[in-house]
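Q: Encoded as structure tokens, here's the structure I'll be asking about.
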Amino acid sequence: MFGGKLVEKQVLEGHADRVWNVSWSPKGDLMASCGGDKTVRIWQKDASSKWFCSAIIEELHQRTVRCTSWHRSGTLLAVASFDGTTTVWSLVDEEWECVSTLEGHENEVKCVAWSPVSDYLATCGRDKTVWIWEMMDAYEFDCVSVLNGHTQDVKMVAWHPSGEMLISASYDDSIKLWMEDPDEDDWHCVKTLSGEGQGHTSTVWGVALDSAGQLLASCSDDQSLIVWERTEEAGDVSQGWSAACSISGYHTRAVFSVQFSPDGRYLASAGGDDSLRIFTQEDAEMASAGGPASRSYAQVVANEKAHTADINCVQWNPTQIDGKWVLATAGDDKKVKIWEFESNGSS
């Protein structure tokens, strides 16, 4: 019933060490990649629709560059590094310039994420904390809040599409939801998604929300994905989240990355088994009867050896290209790959 094609369109080479992360600009016309070689590469299309490296950001970070995130304007790029700093770069006259350096984490910064609706920037790290920064005039940043609650490394942060809630994933096997308390003018944890029978049994490597903000996907060292659903319309966006579906039996090693397609119909995952997989929700009548799960996902297509080593990140381009969805993956094999996905199923 379900099926599709996943075609490798291009292999982007240039990084001298493992590639940790890829991120698309809001319009999907630029892509940033970063890795163990301490650099960020910016990629764009040429006249023949081939992606090429148009800029290299280097010689600022002293250790691995772990993550990048685009500001909603498409002209600012935040860069998180194991050297404990986060830098912000501005595109000025086709040149990338460092306009700010954020310091505060005790050691490695693992992830950085711009809010989709404001000038808030979130970072997280090995020091078990999540920091929320606000960009002021002239690229000055104020630390709005330092969030303590995780008991181990915080691997990833992601914003709810509304910008009202921040989600963090950790080595302590949990996911935390954070919101601002207007009375206290500070952020606090409003919900923790974890526990036997409810959450993951090992490190949570990644989280992603669908564009409607009603579904949250997580991936883990326990080789599974969990799709969480907000089942209550009342209250704020932190209310009513519960595990709706566990996707297991596909990945044979840790799952490092997960992301919903921009239309919310597909879920891409990748990990330590070198595979890239795409799932879609089954129709209600096709879903397994019984049990608490209200959703069921089926694998549409997979490439079992999409890279020759661990895949650290998978990201959908925010816009379709020639009517087809495009994805980028980053791997320990020092490569970034561009994929084209086309569904031929009933979904």
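Just remember, in the structure tokens the first chain shown is A, the second B, etc., residues are 1-based per chain, and ligands are 1-based in the order shown.
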Just the strand (DSSP E) stuff from segment 48-149 of chain A, please, per backbone DSSP, written as a ChimeraX atom specification.
A: /A:51-57,65-70,76-81,85-92,95-103,109-114,120-125,129-135,141-148
Q: Write out as a PyMOL selection string which residues come within 12 Å of Trp43 of chain A when counting only C-alpha atoms, dropping same-chain ones fewer than 2 positions away.
A: chain A and resi 11-14+22-25+28-34+40-41+45-46+49-57+328+336-338
Q: Which is closer to Val144 of chain A than all the others in A:Glu164, A:Asp186, A:Ser220, A:Gly125, using only C-alpha atoms?
A: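 Using only C-alpha atoms, the shortest distance to Val144 of chain A belongs to A:Asp186.
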Q: Hey, what's within 12 Å of Lys38 of chain A if we count only C-alpha atoms and toss same-chain stuff fewer than 6 positions away? As a list in words, please?
A: His15, Ala16, Asp17, Arg18, Val19, Trp20, Ile56, Ile57, Glu58, Glu59, Leu60, His61, Gln62, Arg63, Thr64, Val65, Arg66, Cys67, Val79, Ala80, Ser81, Phe82 and Asp83 of chain A
Q: Would you compute the distance between atom CA of Gln315 of chain A and atom CA of Ser218 of chain A? Give it in Å to one decimal.
A: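 For atom CA of Gln315 of chain A relative to atom CA of Ser218 of chain A, the distance reads 14.2 Å.
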Q: So that I can check the surroundings of segment 2-10 of chain A, please list as a ChimeraX atom specification every protein, DNA and RNA residue that reaches within 12 Å of it, counting only C-alpha atoms and ignoring chain neighbours fewer than 3 positions away.
A: /A:13,45,49-52,266,268,275-283,286,297-307,324-329,335-347
Q: Rank nothing, just name the residue among A:Val255, A:Val130, A:Met179, A:Leu102 nearest to Ser162 of chain A, using only C-alpha atoms.
A: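 Answer, going by the shortest atom-to-atom distance: A:Met179.
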Q: Have a look at atom CA of Pro318 of chain A and atom CA of Val92 of chain A and let me know their distance in Å, one decimal.
A: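 Computed distance, atom CA of Pro318 of chain A to atom CA of Val92 of chain A, equals 23.4 Å.
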Q: With 7 Å as the cut-off and only C-alpha atoms counted, what is the closest atom pair between each nearby residue of segment 74-188 of chain A and segment 196-205 of chain A? Distances in Å to one decimal, ordered by chain and number, as JSON lines.
A:
```
{"residue": "A:Lys155", "atom": "CA", "partner": "A:Trp205", "partner_atom": "CA", "distance": 5.8}
{"residue": "A:Met156", "atom": "CA", "partner": "A:Trp205", "partner_atom": "CA", "distance": 6.8}
{"residue": "A:Ala169", "atom": "CA", "partner": "A:Val204", "partner_atom": "CA", "distance": 5.5}
{"residue": "A:Ser170", "atom": "CA", "partner": "A:Val204", "partner_atom": "CA", "distance": 5.4}
{"residue": "A:Tyr171", "atom": "CA", "partner": "A:Thr203", "partner_atom": "CA", "distance": 4.3}
{"residue": "A:Asp172", "atom": "CA", "partner": "A:Thr203", "partner_atom": "CA", "distance": 6.1}
{"residue": "A:Asp173", "atom": "CA", "partner": "A:Thr203", "partner_atom": "CA", "distance": 4.5}
{"residue": "A:Ser174", "atom": "CA", "partner": "A:Val204", "partner_atom": "CA", "distance": 6.5}
```
Q: Excluding segment 243-250 of chain A and any residue of its chain fewer than 5 positions from it, enumerate the residues within 8 Å of it, using only C-alpha atoms, and give them as a list in words.
A: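 Selected residues are Gln198, Gly199, Gln223, Ser224, Leu225, Ile226, Val227, Trp228, Glu229, Pro292, Ala293, Ser294, Arg295, Ser296 and Tyr297 of chain A.
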Q: Taking into account only C-alpha atoms, which residue in the set A:Arg230, A:Asp332, A:Glu94, A:Ala208 is nearest to Leu267 of chain A?
A: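 Closest to Leu267 of chain A of all the choices is A:Ala208.
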Q: Got a sec: who's within 9 Å of segment 231-238 of chain A, counting only C-alpha atoms, leaving out chain neighbours fewer than 4 positions off, as a ChimeraX atom specification?
A: /A:160,162,164-165,177-179,190-191,213-214,242
Q: To one decimal place, how far is atom CA of Leu209 of chain A from atom CA of Gln259 of chain A in Å?
A: 7.4 Å
Q: Env of Ser73 of chain A: 8 Å cut, atoms = only C-alpha atoms, seq-sep filter 3 positions within chain, self excluded. Answer as an mmCIF file with C-alpha atoms, in the first residue's frame.
A:
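Output below, filename around-v8.cif:
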```cif
data_model
loop_
_atom_site.group_PDB
_atom_site.id
_atom_site.type_symbol
_atom_site.label_atom_id
_atom_site.label_comp_id
_atom_site.auth_asym_id
_atom_site.auth_seq_id
_atom_site.Cartn_x
_atom_site.Cartn_y
_atom_site.Cartn_z
ATOM 1 C CA PRO A 26 14.118 29.311 5.422
ATOM 2 C CA TRP A 70 19.254 29.830 10.445
ATOM 3 C CA LEU A 76 21.904 35.214 10.126
#
```
Q: When distances are computed from only C-alpha atoms, which of A:Pro116, A:Pro161, A:Gly74, A:Gly271 shows the smallest separation from Ser90 of chain A?
A: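 Nearest to Ser90 of chain A: A:Gly74.
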